[in-house]
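Okay, query04.csv now, which holds CSV, C-alpha atoms and all ligand atoms:
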```csv
chain,number,residue,atom,x,y,z
A,192,MET,CA,-5.2,-20.3,8.7
A,193,GLN,CA,-7.0,-17.3,7.2
A,194,ILE,CA,-5.0,-15.5,4.4
A,195,THR,CA,-5.7,-12.3,2.5
A,196,ARG,CA,-6.4,-12.7,-1.2
A,197,ALA,CA,-3.4,-12.2,-3.4
A,198,TYR,CA,-4.9,-9.2,-5.4
A,199,LEU,CA,-2.0,-9.1,-7.7
A,200,GLU,CA,-2.7,-12.7,-8.8
A,201,ASP,CA,-6.4,-12.0,-9.1
A,202,TRP,CA,-5.4,-9.2,-11.5
A,203,MET,CA,-3.0,-11.4,-13.5
A,204,ARG,CA,-5.7,-14.1,-13.8
A,205,GLN,CA,-8.1,-11.4,-15.2
A,206,TYR,CA,-5.7,-9.7,-17.7
A,207,TYR,CA,-2.4,-11.6,-18.2
A,208,PHE,CA,-4.0,-14.3,-20.5
A,209,SER,CA,-6.5,-12.1,-22.3
A,210,SER,CA,-4.5,-8.9,-23.0
A,211,GLU,CA,-2.8,-8.3,-26.3
A,212,ILE,CA,-0.2,-6.2,-24.7
A,213,ASP,CA,1.5,-6.8,-21.3
A,214,ILE,CA,3.2,-3.8,-19.8
A,215,GLY,CA,2.4,-4.8,-16.3
A,216,SER,CA,4.4,-7.9,-15.5
A,217,SER,CA,7.5,-7.9,-13.3
A,218,GLY,CA,9.8,-10.1,-15.4
A,219,VAL,CA,11.5,-9.9,-18.8
A,220,GLU,CA,10.1,-11.6,-21.9
A,221,ASN,CA,10.2,-15.4,-21.4
A,222,PHE,CA,12.2,-17.7,-23.6
A,223,SER,CA,10.6,-20.6,-25.6
A,224,MET,CA,12.0,-24.1,-25.3
A,225,SER,CA,13.4,-23.9,-28.7
A,226,GLU,CA,15.2,-20.6,-28.0
A,227,LEU,CA,16.5,-22.0,-24.8
A,228,ARG,CA,17.8,-25.2,-26.3
A,229,GLN,CA,19.6,-23.3,-28.9
A,230,LEU,CA,21.1,-20.7,-26.5
A,231,LEU,CA,22.2,-23.3,-24.0
A,232,ASP,CA,23.0,-26.1,-26.4
A,233,LEU,CA,20.6,-28.4,-24.7
A,234,LYS,CA,20.2,-31.5,-26.8
A,235,GLN,CA,17.0,-33.4,-27.3
A,236,GLU,CA,18.8,-36.6,-26.1
A,237,GLU,CA,19.5,-34.9,-22.7
A,238,LEU,CA,15.8,-34.4,-22.3
A,239,ASP,CA,15.0,-37.9,-23.5
A,240,GLU,CA,17.3,-39.3,-20.8
A,241,VAL,CA,15.2,-37.9,-18.0
A,242,VAL,CA,13.5,-40.6,-16.0
A,243,PHE,CA,10.6,-39.4,-13.9
A,244,ASN,CA,11.9,-40.7,-10.6
A,245,ASP,CA,11.5,-39.0,-7.3
A,246,SER,CA,14.2,-36.3,-6.8
A,247,PRO,CA,16.1,-35.4,-3.6
A,248,SER,CA,14.2,-33.1,-1.2
A,249,CYS,CA,16.7,-30.2,-1.6
A,250,GLY,CA,17.1,-30.6,-5.3
A,251,VAL,CA,19.4,-32.8,-7.4
A,252,GLN,CA,23.0,-32.4,-6.5
A,253,GLY,CA,24.1,-31.0,-9.9
A,254,LEU,CA,21.5,-28.2,-9.7
A,255,ARG,CA,22.4,-27.3,-6.1
A,256,GLU,CA,26.1,-27.1,-7.1
A,257,ALA,CA,25.4,-25.0,-10.1
A,258,ILE,CA,23.3,-22.5,-8.0
A,259,ALA,CA,26.0,-22.4,-5.3
A,260,ARG,CA,28.7,-21.7,-7.9
A,261,GLN,CA,26.7,-19.1,-9.8
A,262,TRP,CA,25.3,-17.0,-6.9
A,263,GLY,CA,26.5,-18.4,-3.6
A,264,ASP,CA,29.8,-19.2,-1.9
A,265,GLY,CA,30.2,-22.5,-3.7
A,266,ASN,CA,28.7,-24.7,-0.9
A,267,PRO,CA,25.8,-26.8,-2.3
A,268,GLU,CA,24.8,-27.8,1.3
A,269,LYS,CA,23.3,-24.3,1.7
A,270,VAL,CA,21.0,-24.6,-1.3
A,271,LEU,CA,17.4,-25.6,-1.5
A,272,ALA,CA,16.0,-25.7,-5.1
A,273,THR,CA,12.3,-24.9,-5.2
A,274,HIS,CA,9.3,-24.2,-7.4
A,275,GLY,CA,10.1,-20.5,-7.9
A,276,SER,CA,10.9,-18.3,-5.0
A,277,SER,CA,7.2,-18.3,-4.0
A,278,GLU,CA,7.6,-21.8,-2.6
A,279,VAL,CA,10.6,-20.7,-0.5
A,280,ILE,CA,8.6,-17.8,0.9
A,281,PHE,CA,5.9,-20.2,1.9
A,282,LEU,CA,8.3,-22.6,3.6
A,283,ILE,CA,10.2,-19.9,5.4
A,284,MET,CA,7.2,-18.2,6.9
A,285,ASN,CA,5.6,-21.4,7.9
A,286,SER,CA,8.6,-22.9,9.5
A,287,LEU,CA,10.1,-19.9,11.3
A,288,LEU,CA,7.2,-17.7,12.4
A,289,SER,CA,4.6,-18.1,15.1
A,290,GLU,CA,1.7,-16.0,16.5
A,291,ASP,CA,2.8,-12.6,17.8
A,292,ASP,CA,6.2,-12.6,16.3
A,293,GLU,CA,7.3,-9.2,15.1
A,294,VAL,CA,8.2,-9.1,11.4
A,295,ILE,CA,9.5,-6.0,9.6
A,296,VAL,CA,8.2,-5.8,6.0
A,297,LEU,CA,8.6,-3.2,3.3
A,298,ASP,CA,5.6,-1.2,2.2
A,299,PRO,CA,4.7,-1.4,-0.6
A,300,CYS,CA,5.5,-5.1,-0.9
A,301,TYR,CA,5.1,-8.2,-3.0
A,302,HIS,CA,2.0,-9.9,-1.4
A,303,ALA,CA,3.5,-13.2,-0.3
A,304,LEU,CA,6.3,-11.4,1.7
A,305,ARG,CA,3.7,-9.7,3.9
A,306,ASN,CA,0.5,-11.8,3.8
A,307,LEU,CA,1.9,-15.1,4.9
A,308,ALA,CA,3.4,-13.4,8.0
A,309,ALA,CA,0.1,-11.7,8.7
A,310,ALA,CA,-1.7,-15.0,8.2
A,311,LYS,CA,0.5,-16.5,10.9
A,312,LYS,CA,-0.9,-13.8,13.2
A,313,CYS,CA,2.5,-12.1,13.4
A,314,LYS,CA,2.8,-8.4,14.2
A,315,VAL,CA,3.7,-6.9,10.9
A,316,VAL,CA,5.7,-3.7,11.2
A,317,ASP,CA,5.9,-1.5,8.0
A,318,TRP,CA,9.1,-0.1,6.7
A,319,HIS,CA,7.9,2.5,4.3
A,320,LEU,CA,9.3,3.3,0.9
A,321,ARG,CA,7.8,6.8,0.2
A,322,PHE,CA,7.3,8.3,-3.2
A,323,GLU,CA,8.0,11.7,-1.8
A,324,GLN,CA,11.4,10.4,-0.7
A,325,LYS,CA,12.1,8.8,-4.1
A,326,PHE,CA,11.3,5.4,-2.6
A,327,ALA,CA,14.7,5.5,-1.0
A,328,PRO,CA,15.0,3.0,1.9
A,329,ASP,CA,15.5,5.1,5.1
A,330,LEU,CA,18.0,3.2,7.3
A,331,ASP,CA,17.4,5.5,10.2
A,332,GLU,CA,13.7,4.7,10.1
A,333,PHE,CA,14.6,1.0,9.9
A,334,LYS,CA,16.8,1.3,13.0
A,335,SER,CA,13.9,2.9,14.8
A,336,LEU,CA,11.7,-0.1,13.9
A,337,ILE,CA,14.0,-3.0,14.8
A,338,THR,CA,14.0,-4.1,18.4
A,339,PRO,CA,15.1,-7.2,20.4
A,340,GLN,CA,11.5,-8.4,19.8
A,341,THR,CA,12.0,-8.5,16.0
A,342,ARG,CA,11.9,-12.1,14.9
A,343,MET,CA,12.3,-11.5,11.1
A,344,VAL,CA,13.2,-8.8,8.7
A,345,VAL,CA,11.9,-9.2,5.1
A,346,ALA,CA,13.7,-7.2,2.5
A,347,ASN,CA,13.5,-7.1,-1.3
A,348,PHE,CA,16.1,-5.1,-3.3
A,349,PRO,CA,15.9,-4.2,-6.1
A,350,HIS,CA,12.3,-3.8,-5.1
A,351,ASN,CA,9.0,-4.9,-6.6
A,352,PRO,CA,7.1,-2.7,-7.6
A,353,THR,CA,9.2,0.5,-7.1
A,354,GLY,CA,12.5,-0.6,-8.6
A,355,ALA,CA,14.2,1.1,-5.6
A,356,SER,CA,17.4,-0.4,-4.2
A,357,ILE,CA,20.0,-0.1,-1.6
A,358,THR,CA,23.8,0.3,-1.7
A,359,ALA,CA,26.2,-2.5,-0.7
A,360,ALA,CA,27.2,-0.3,2.3
A,361,GLN,CA,23.6,0.2,3.4
A,362,GLN,CA,23.0,-3.6,2.9
A,363,GLN,CA,25.9,-4.2,5.2
A,364,GLU,CA,24.6,-1.8,7.8
A,365,LEU,CA,21.2,-3.5,7.7
A,366,ILE,CA,22.7,-6.9,8.1
A,367,GLU,CA,24.7,-5.8,11.1
A,368,ARG,CA,21.6,-4.3,12.8
A,369,VAL,CA,19.6,-7.5,12.1
A,370,ALA,CA,22.5,-9.5,13.5
A,371,ASP,CA,22.6,-7.3,16.6
A,372,VAL,CA,19.1,-8.5,17.6
A,373,GLY,CA,19.6,-12.0,16.3
A,374,ALA,CA,16.5,-11.9,14.0
A,375,TYR,CA,16.2,-13.8,10.7
A,376,LEU,CA,16.9,-11.8,7.6
A,377,VAL,CA,14.8,-12.9,4.5
A,378,TRP,CA,16.6,-11.3,1.6
A,379,ASP,CA,14.5,-11.6,-1.6
A,380,SER,CA,16.9,-11.0,-4.4
A,381,ALA,CA,14.5,-11.9,-7.3
A,382,PHE,CA,15.8,-9.0,-9.3
A,383,ASN,CA,19.4,-8.9,-8.1
A,384,GLU,CA,21.1,-9.0,-11.5
A,385,LEU,CA,18.6,-6.6,-13.2
A,386,VAL,CA,20.5,-3.4,-12.3
A,387,TYR,CA,21.3,-0.4,-14.4
A,388,ASP,CA,23.9,1.8,-12.6
A,389,SER,CA,25.4,-0.5,-10.0
A,390,GLN,CA,26.7,-4.0,-9.4
A,391,PRO,CA,24.5,-6.8,-8.1
A,392,LEU,CA,24.4,-6.8,-4.3
A,393,PRO,CA,26.3,-9.4,-2.2
A,394,GLU,CA,24.5,-12.6,-1.1
A,395,PRO,CA,23.7,-12.0,2.6
A,396,SER,CA,23.8,-15.7,3.8
A,397,THR,CA,27.5,-15.6,3.3
A,398,LEU,CA,27.7,-12.7,5.8
A,399,TYR,CA,25.1,-13.7,8.4
A,400,HIS,CA,24.1,-17.2,9.5
A,401,ARG,CA,20.5,-16.3,10.0
A,402,ALA,CA,20.1,-14.7,6.6
A,403,ILE,CA,18.1,-16.6,4.0
A,404,THR,CA,18.6,-15.4,0.4
A,405,LEU,CA,15.9,-16.1,-2.2
A,406,GLY,CA,16.6,-16.3,-5.9
A,407,THR,CA,14.6,-17.2,-9.0
A,408,LEU,CA,14.9,-17.9,-12.8
A,409,SER,CA,11.5,-16.2,-13.2
A,410,LYS,CA,12.5,-12.5,-13.4
A,411,GLY,CA,15.8,-11.7,-15.1
A,412,TYR,CA,16.3,-15.0,-16.8
A,413,GLY,CA,13.0,-15.2,-18.8
A,414,LEU,CA,11.9,-18.5,-17.4
A,415,ALA,CA,8.9,-17.7,-15.2
A,416,GLY,CA,7.0,-20.8,-16.4
A,417,LEU,CA,9.8,-23.2,-15.6
A,418,ARG,CA,9.0,-22.6,-11.9
A,419,ALA,CA,12.6,-22.8,-10.7
A,420,GLY,CA,13.9,-20.9,-7.7
A,421,TRP,CA,16.1,-21.4,-4.7
A,422,CYS,CA,17.3,-20.2,-1.4
A,423,PHE,CA,20.6,-20.1,0.3
A,424,ALA,CA,20.5,-20.7,4.1
A,425,ALA,CA,22.3,-22.6,6.8
A,426,PRO,CA,21.8,-26.4,6.5
A,427,GLU,CA,19.9,-26.5,9.8
A,428,LEU,CA,17.4,-24.0,8.4
A,429,LEU,CA,17.0,-25.9,5.2
A,430,GLU,CA,16.1,-29.0,7.3
A,431,ARG,CA,13.2,-27.0,8.8
A,432,PHE,CA,12.0,-25.9,5.4
A,433,VAL,CA,12.1,-29.4,4.0
A,434,HIS,CA,10.0,-30.6,7.0
A,435,TRP,CA,7.3,-28.3,5.5
A,436,ARG,CA,8.0,-29.3,2.0
A,437,ASP,CA,7.3,-32.9,2.9
A,438,TYR,CA,3.6,-31.8,3.2
A,439,THR,CA,3.5,-29.7,0.1
A,440,THR,CA,5.5,-30.3,-3.1
A,441,LEU,CA,8.0,-32.9,-1.9
A,442,TYR,CA,10.7,-32.1,-4.6
A,443,LEU,CA,11.2,-30.7,-8.0
A,444,SER,CA,10.4,-32.6,-11.2
A,445,PRO,CA,13.6,-34.1,-12.7
A,446,LEU,CA,12.7,-32.5,-16.0
A,447,VAL,CA,12.6,-29.0,-14.5
A,448,GLU,CA,15.9,-29.8,-12.8
A,449,VAL,CA,17.7,-30.7,-16.0
A,450,VAL,CA,16.6,-27.5,-17.8
A,451,ALA,CA,17.1,-25.4,-14.7
A,452,GLN,CA,20.6,-26.7,-14.2
A,453,ARG,CA,21.6,-25.8,-17.7
A,454,ALA,CA,20.0,-22.4,-17.4
A,455,VAL,CA,21.8,-21.7,-14.1
A,456,GLU,CA,25.2,-22.8,-15.6
A,457,GLN,CA,24.8,-20.3,-18.4
A,458,ALA,CA,22.6,-17.8,-16.7
A,459,ASP,CA,24.7,-14.8,-17.9
A,460,LYS,CA,23.8,-15.6,-21.5
A,461,LEU,CA,20.1,-15.3,-20.8
A,462,LEU,CA,20.5,-12.3,-18.6
A,463,ASP,CA,22.7,-10.3,-21.1
A,464,ILE,CA,20.1,-10.5,-23.8
A,465,ARG,CA,17.2,-9.4,-21.7
A,466,LEU,CA,19.1,-6.8,-19.6
A,467,LYS,CA,20.3,-5.1,-22.7
A,468,ARG,CA,16.8,-4.7,-23.9
A,469,ALA,CA,15.5,-3.7,-20.5
A,470,ARG,CA,18.0,-0.9,-20.4
A,471,GLN,CA,16.9,0.5,-23.7
A,472,ASN,CA,13.2,0.1,-22.7
A,473,LEU,CA,13.9,2.0,-19.5
A,474,ASP,CA,15.3,5.0,-21.5
A,475,LEU,CA,12.3,4.8,-23.7
A,476,LEU,CA,9.9,4.8,-20.8
A,477,ALA,CA,11.8,7.7,-19.3
A,478,GLY,CA,11.2,9.7,-22.5
A,479,TRP,CA,7.5,8.8,-22.4
A,480,ILE,CA,7.2,9.9,-18.7
A,481,GLU,CA,8.8,13.2,-19.6
A,482,GLU,CA,6.4,13.8,-22.5
A,483,HIS,CA,3.5,13.0,-20.2
A,484,SER,CA,4.5,14.9,-17.1
A,485,GLU,CA,1.1,16.5,-16.9
A,486,PHE,CA,-0.4,13.0,-16.3
A,487,VAL,CA,2.3,10.9,-14.8
A,488,GLU,CA,5.2,11.2,-12.3
A,489,TRP,CA,7.7,8.6,-11.3
A,490,VAL,CA,10.9,7.6,-9.6
A,491,ARG,CA,13.3,6.1,-12.1
A,492,PRO,CA,13.9,2.5,-11.1
A,493,GLN,CA,17.5,1.4,-10.1
A,494,GLY,CA,16.7,-2.2,-10.7
A,495,GLY,CA,14.1,-4.7,-11.8
A,496,VAL,CA,11.8,-4.1,-14.7
A,497,THR,CA,8.9,-2.3,-13.1
A,498,ALA,CA,8.2,1.4,-12.3
A,499,PHE,CA,5.6,2.4,-9.8
A,500,VAL,CA,4.3,5.5,-11.4
A,501,ARG,CA,1.8,8.0,-9.9
A,502,LEU,CA,-1.1,9.0,-12.1
A,503,LYS,CA,-2.1,12.6,-11.7
A,504,GLY,CA,-5.7,13.6,-12.2
A,505,VAL,CA,-7.0,10.0,-12.5
A,506,PRO,CA,-9.6,9.7,-9.8
A,507,ASP,CA,-9.8,5.9,-9.8
A,508,VAL,CA,-6.6,4.3,-11.0
A,509,GLU,CA,-8.0,0.7,-10.6
A,510,ASP,CA,-10.9,1.6,-12.9
A,511,PHE,CA,-8.5,3.2,-15.4
A,512,CYS,CA,-6.5,0.0,-15.5
A,513,HIS,CA,-9.6,-2.1,-15.9
A,514,ARG,CA,-10.6,0.0,-18.9
A,515,LEU,CA,-7.1,-0.3,-20.3
A,516,GLY,CA,-7.4,-4.1,-20.0
A,517,ARG,CA,-11.0,-4.5,-21.2
A,518,GLU,CA,-11.3,-1.9,-23.9
A,519,HIS,CA,-7.7,-1.4,-25.1
A,520,GLY,CA,-6.1,-4.8,-24.6
A,521,VAL,CA,-3.3,-3.5,-22.3
A,522,MET,CA,-2.3,-5.0,-19.0
A,523,VAL,CA,-1.0,-2.5,-16.4
A,524,VAL,CA,-1.2,-3.4,-12.7
A,525,PRO,CA,-3.1,-0.9,-10.5
A,526,GLY,CA,-1.3,0.2,-7.3
A,527,SER,CA,-4.3,-1.1,-5.3
A,528,CYS,CA,-2.8,-4.6,-5.7
A,529,PHE,CA,0.0,-3.2,-3.5
A,530,GLU,CA,-2.3,-1.1,-1.3
A,531,HIS,CA,-1.2,2.1,-3.0
A,532,PRO,CA,-4.2,3.0,-5.1
A,533,SER,CA,-2.9,6.2,-6.7
A,534,HIS,CA,-0.1,4.4,-8.4
A,535,ALA,CA,0.2,1.9,-11.2
A,536,ARG,CA,2.9,-0.7,-12.0
A,537,ILE,CA,4.4,-0.4,-15.5
A,538,GLY,CA,6.6,-3.3,-16.6
A,539,PHE,CA,9.3,-2.6,-19.2
A,540,GLY,CA,10.9,-6.0,-19.5
A,541,GLY,CA,9.1,-7.2,-22.6
A,542,PRO,CA,9.6,-6.6,-26.3
A,543,THR,CA,10.2,-2.9,-27.2
A,544,SER,CA,7.5,-2.9,-29.8
A,545,GLU,CA,5.0,-4.0,-27.2
A,546,LEU,CA,6.1,-1.3,-24.7
A,547,VAL,CA,5.8,1.4,-27.4
A,548,GLU,CA,2.3,0.3,-28.5
A,549,GLY,CA,1.2,-0.2,-24.9
A,550,LEU,CA,2.3,3.2,-23.8
A,551,ALA,CA,0.6,4.8,-26.9
A,552,ARG,CA,-2.7,3.2,-25.8
A,553,VAL,CA,-2.2,4.5,-22.2
A,554,SER,CA,-1.5,8.0,-23.6
A,555,HIS,CA,-4.7,7.8,-25.7
A,556,LEU,CA,-6.8,6.9,-22.7
A,557,LEU,CA,-5.2,9.5,-20.4
A,558,LYS,CA,-5.8,12.2,-23.0
A,559,ASN,CA,-9.3,11.2,-23.8
A,560,ASP,CA,-10.2,11.1,-20.1
A,561,ALA,CA,-8.7,14.5,-19.6
A,562,ILE,CA,-10.7,15.9,-22.5
A,563,ARG,CA,-13.9,14.4,-21.2
A,564,GLN,CA,-13.2,15.7,-17.7
A,565,SER,CA,-12.5,19.2,-18.8
A,566,ALA,CA,-15.7,19.2,-21.1
A,567,TYR,CA,-17.6,18.0,-18.0
A,568,ILE,CA,-16.2,20.8,-15.9
A,569,ARG,CA,-17.0,23.4,-18.6
A,570,GLN,CA,-20.6,22.1,-18.8
A,571,SER,CA,-21.0,22.2,-15.0
A,572,LEU,CA,-19.7,25.8,-14.9
A,573,HIS,CA,-22.1,26.9,-17.7
A,574,LYS,CA,-25.0,25.3,-15.8
A,575,HIS,CA,-23.9,27.0,-12.6
A,576,VAL,CA,-23.5,30.4,-14.3
A,577,ALA,CA,-26.9,30.0,-16.1
A,578,GLN,CA,-28.6,29.2,-12.8
A,579,ASN,CA,-27.2,32.2,-11.1
A,580,VAL,CA,-27.9,34.8,-13.8
A,601,LIG,C1,9.8,-9.8,-5.0
A,601,LIG,C2,9.2,-11.1,-5.5
A,601,LIG,N1,9.6,-12.3,-4.9
A,601,LIG,C3,9.2,-13.5,-5.3
A,601,LIG,C4,8.3,-13.6,-6.4
A,601,LIG,C5,7.9,-15.0,-6.8
A,601,LIG,O1,8.4,-15.3,-8.0
A,601,LIG,P1,8.6,-16.8,-8.5
A,601,LIG,O2,7.8,-17.7,-7.6
A,601,LIG,O3,8.2,-16.9,-9.9
A,601,LIG,O4,10.1,-17.0,-8.3
A,601,LIG,C6,8.0,-12.4,-7.1
A,601,LIG,C7,7.1,-12.5,-8.3
A,601,LIG,O5,6.6,-11.6,-8.8
A,601,LIG,C8,8.4,-11.2,-6.6
A,601,LIG,O6,8.1,-10.1,-7.3
```
Please rewrite the model in this file as structure tokens.
Ligand SMILES: Cc1ncc(COP(=O)(O)O)c(C=O)c1O
Amino acid sequence: MQITRAYLEDWMRQYYFSSEIDIGSSGVENFSMSELRQLLDLKQEELDEVVFNDSPSCGVQGLREAIARQWGDGNPEKVLATHGSSEVIFLIMNSLLSEDDEVIVLDPCYHALRNLAAAKKCKVVDWHLRFEQKFAPDLDEFKSLITPQTRMVVANFPHNPTGASITAAQQQELIERVADVGAYLVWDSAFNELVYDSQPLPEPSTLYHRAITLGTLSKGYGLAGLRAGWCFAAPELLERFVHWRDYTTLYLSPLVEVVAQRAVEQADKLLDIRLKRARQNLDLLAGWIEEHSEFVEWVRPQGGVTAFVRLKGVPDVEDFCHRLGREHGVMVVPGSCFEHPSHARIGFGGPTSELVEGLARVSHLLKNDAIRQSAYIRQSLHKHVAQNV
């Protein structure tokens, strides 16, 4: 199987570990073990009790029950606990897709949601989120794309990288249309609880038996490095995913399961702290955008902790982001990682002081480049006039 490079991951490898300031990531600030143990009252003895046995293929029962209670319909038989939602995406695409299947995918899009389908030689059909339309998902356009040949629809709301979302009524309409043609619906809800002016959306697998809902502790819960995610799906689908898991990761570590279960049981505690800060940071970012309207335009995100801004007058955004990383110690993700090269992804889920300093460094580079550019234009004009006198 040939698969396109995950450019976003290439970028992260280059700058995530080396940058002093991260205003590019898509999650909130991660918790330390000590913060987590304090917040969740997780005792050292509970960790000491872990025996490194094999674990059940779908995850230990307590964890599955906790996930089902917290985000599902209470039925643990519909839960598969995984190494982040990345693993679920891999299992789903490999077990449900074949060559020439039609798959509707958002554009722009988190790479795994598109590239795995493309690697399976599926026909990928783009459902565009357009900056000019405020990244609003156009349901009429969606209805024109879906046909009886559609095998799978892959949606992600709130959306990475744009922060766009959908209303519950639109979600319902979308599910009905997918059900009409009997396609699978892969609903990536990585950012479901990170919302600012609305309630989290309902979990679609409770509404449609071919819906598969993905979740993760990596984004809103500040536990990216725990590598804990899940999906909700009909048990017969989970069986097919496990068949693939038998050739990859087999099961989760019992240590991860103990910590993840406690985090899931008290997920709201973790979320509240980080969501409060993200809300403040979003206002701060909005103020910065307004002050820099000659350089930057945006669509205010409805959810998640990323904005997909458009840089005006920057001829090469990827080069600009490289210079930010190499020369100014700031990680911002260029839109080229999402095949939208005039944009950049700014993450606002981290510490406020980091956001403030990061944006100040971005301002500095934008202004310096603009001064240099206008000096160059002036010089060229002078030369032109001198030559024609
Ligand atoms: C939309 C979306 N889905 C899934 C993932 C995978 O996250 P994880 O494997 O950490 O759960 C990401 C990570 O950025 C994402 O943005």
Can you write out as a Markdown table which residues of chain A fall within 7 Å of ligand LIG 601 (chain A), alongside each residue's closest atom pair and its distance in Å to one decimal, counting all atoms listed in the file and ordering rows by chain and ascending residue number?
```
| residue | atom | partner | partner_atom | distance |
| --- | --- | --- | --- | --- |
| A:Ser217 | CA | A:LIG601 | O5 | 5.9 |
| A:His274 | CA | A:LIG601 | O2 | 6.7 |
| A:Gly275 | CA | A:LIG601 | O4 | 3.5 |
| A:Ser276 | CA | A:LIG601 | O4 | 3.6 |
| A:Ser277 | CA | A:LIG601 | O2 | 3.7 |
| A:Glu278 | CA | A:LIG601 | O2 | 6.5 |
| A:Tyr301 | CA | A:LIG601 | C1 | 5.4 |
| A:Asn347 | CA | A:LIG601 | C1 | 5.9 |
| A:His350 | CA | A:LIG601 | C1 | 6.5 |
| A:Asn351 | CA | A:LIG601 | C1 | 5.2 |
| A:Asp379 | CA | A:LIG601 | N1 | 5.9 |
| A:Ala381 | CA | A:LIG601 | N1 | 5.5 |
| A:Gly406 | CA | A:LIG601 | O4 | 7.0 |
| A:Thr407 | CA | A:LIG601 | O4 | 4.6 |
| A:Leu408 | CA | A:LIG601 | O4 | 6.6 |
| A:Ser409 | CA | A:LIG601 | O3 | 4.7 |
| A:Ala415 | CA | A:LIG601 | O3 | 5.4 |
| A:Arg418 | CA | A:LIG601 | O3 | 6.1 |
| A:Ala419 | CA | A:LIG601 | O4 | 6.8 |
| A:Gly420 | CA | A:LIG601 | O4 | 5.5 |
```
Kindly export the residues of the current selection with C-alpha atoms, as a PDB file, keeping the file's coordinate frame.
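Saved the output as selection39.pdb:
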```pdb
ATOM      1  CA  SER A 217       7.500  -7.900 -13.300  1.00  0.00           C
ATOM      2  CA  HIS A 274       9.300 -24.200  -7.400  1.00  0.00           C
ATOM      3  CA  GLY A 275      10.100 -20.500  -7.900  1.00  0.00           C
ATOM      4  CA  SER A 276      10.900 -18.300  -5.000  1.00  0.00           C
ATOM      5  CA  SER A 277       7.200 -18.300  -4.000  1.00  0.00           C
ATOM      6  CA  GLU A 278       7.600 -21.800  -2.600  1.00  0.00           C
ATOM      7  CA  TYR A 301       5.100  -8.200  -3.000  1.00  0.00           C
ATOM      8  CA  ASN A 347      13.500  -7.100  -1.300  1.00  0.00           C
ATOM      9  CA  HIS A 350      12.300  -3.800  -5.100  1.00  0.00           C
ATOM     10  CA  ASN A 351       9.000  -4.900  -6.600  1.00  0.00           C
ATOM     11  CA  ASP A 379      14.500 -11.600  -1.600  1.00  0.00           C
ATOM     12  CA  ALA A 381      14.500 -11.900  -7.300  1.00  0.00           C
ATOM     13  CA  GLY A 406      16.600 -16.300  -5.900  1.00  0.00           C
ATOM     14  CA  THR A 407      14.600 -17.200  -9.000  1.00  0.00           C
ATOM     15  CA  LEU A 408      14.900 -17.900 -12.800  1.00  0.00           C
ATOM     16  CA  SER A 409      11.500 -16.200 -13.200  1.00  0.00           C
ATOM     17  CA  ALA A 415       8.900 -17.700 -15.200  1.00  0.00           C
ATOM     18  CA  ARG A 418       9.000 -22.600 -11.900  1.00  0.00           C
ATOM     19  CA  ALA A 419      12.600 -22.800 -10.700  1.00  0.00           C
ATOM     20  CA  GLY A 420      13.900 -20.900  -7.700  1.00  0.00           C
TER      21      GLY A 420
END
```
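Between Val270 in chain A and the candidates A:Ile568, A:Ala425, A:Ala359, A:Leu446, the tightest atom-to-atom separation, counting all atoms listed in the file, involves A:Ala425.
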Using all atoms listed in the file and a cutoff of 9 Å, can you tell me which residues are near (26.1, -14.7, -10.7) in the file's coordinates, and write them out as a PDB file with C-alpha atoms, in the frame of the given file?
```
ATOM      1  CA  ILE A 258      23.300 -22.500  -8.000  1.00  0.00           C
ATOM      2  CA  ARG A 260      28.700 -21.700  -7.900  1.00  0.00           C
ATOM      3  CA  GLN A 261      26.700 -19.100  -9.800  1.00  0.00           C
ATOM      4  CA  TRP A 262      25.300 -17.000  -6.900  1.00  0.00           C
ATOM      5  CA  GLY A 263      26.500 -18.400  -3.600  1.00  0.00           C
ATOM      6  CA  GLU A 384      21.100  -9.000 -11.500  1.00  0.00           C
ATOM      7  CA  PRO A 391      24.500  -6.800  -8.100  1.00  0.00           C
ATOM      8  CA  VAL A 455      21.800 -21.700 -14.100  1.00  0.00           C
ATOM      9  CA  ALA A 458      22.600 -17.800 -16.700  1.00  0.00           C
ATOM     10  CA  ASP A 459      24.700 -14.800 -17.900  1.00  0.00           C
TER      11      ASP A 459
END
```
Problem - Non-local contacts of Glu394 in chain A (10 Å; all atoms listed in the file; under 2 positions in same chain excluded) as a VMD selection string - result: chain A and resid 262 to 264 362 378 380 383 391 to 392 396 to 399 402 to 406 423
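Shown here are all protein and nucleic acid residues lying within 12 Å of (3.1, -28.7, 4.5), with all atoms listed in the file considered: Glu278, Phe281, Leu282, Ile283, Met284, Asn285, Ser286, Arg431, Phe432, Val433, His434, Trp435, Arg436, Asp437, Tyr438, Thr439, Thr440 and Leu441 of chain A.
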Problem - Distance query Asp507 in chain A at most 9 Å, all atoms listed in the file, self and fewer than 4 positions along chain excluded, as JSON, numbers by chain - result: {"A": [511, 512, 532, 533]}
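Atom to atom, CA of Leu473 in chain A and CA of Ile280 in chain A stand 28.9 Å apart.
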Fill in the blank from the handout: One decimal place gives the CA of Glu367 in chain A-CA of Pro352 in chain A separation as 25.9 Å
Practice task
Go ahead and compute the interatomic distance for CA of Ala451 in chain A and CA of Val344 in chain A, in Å to one decimal.
Solution key: 29.0 Å
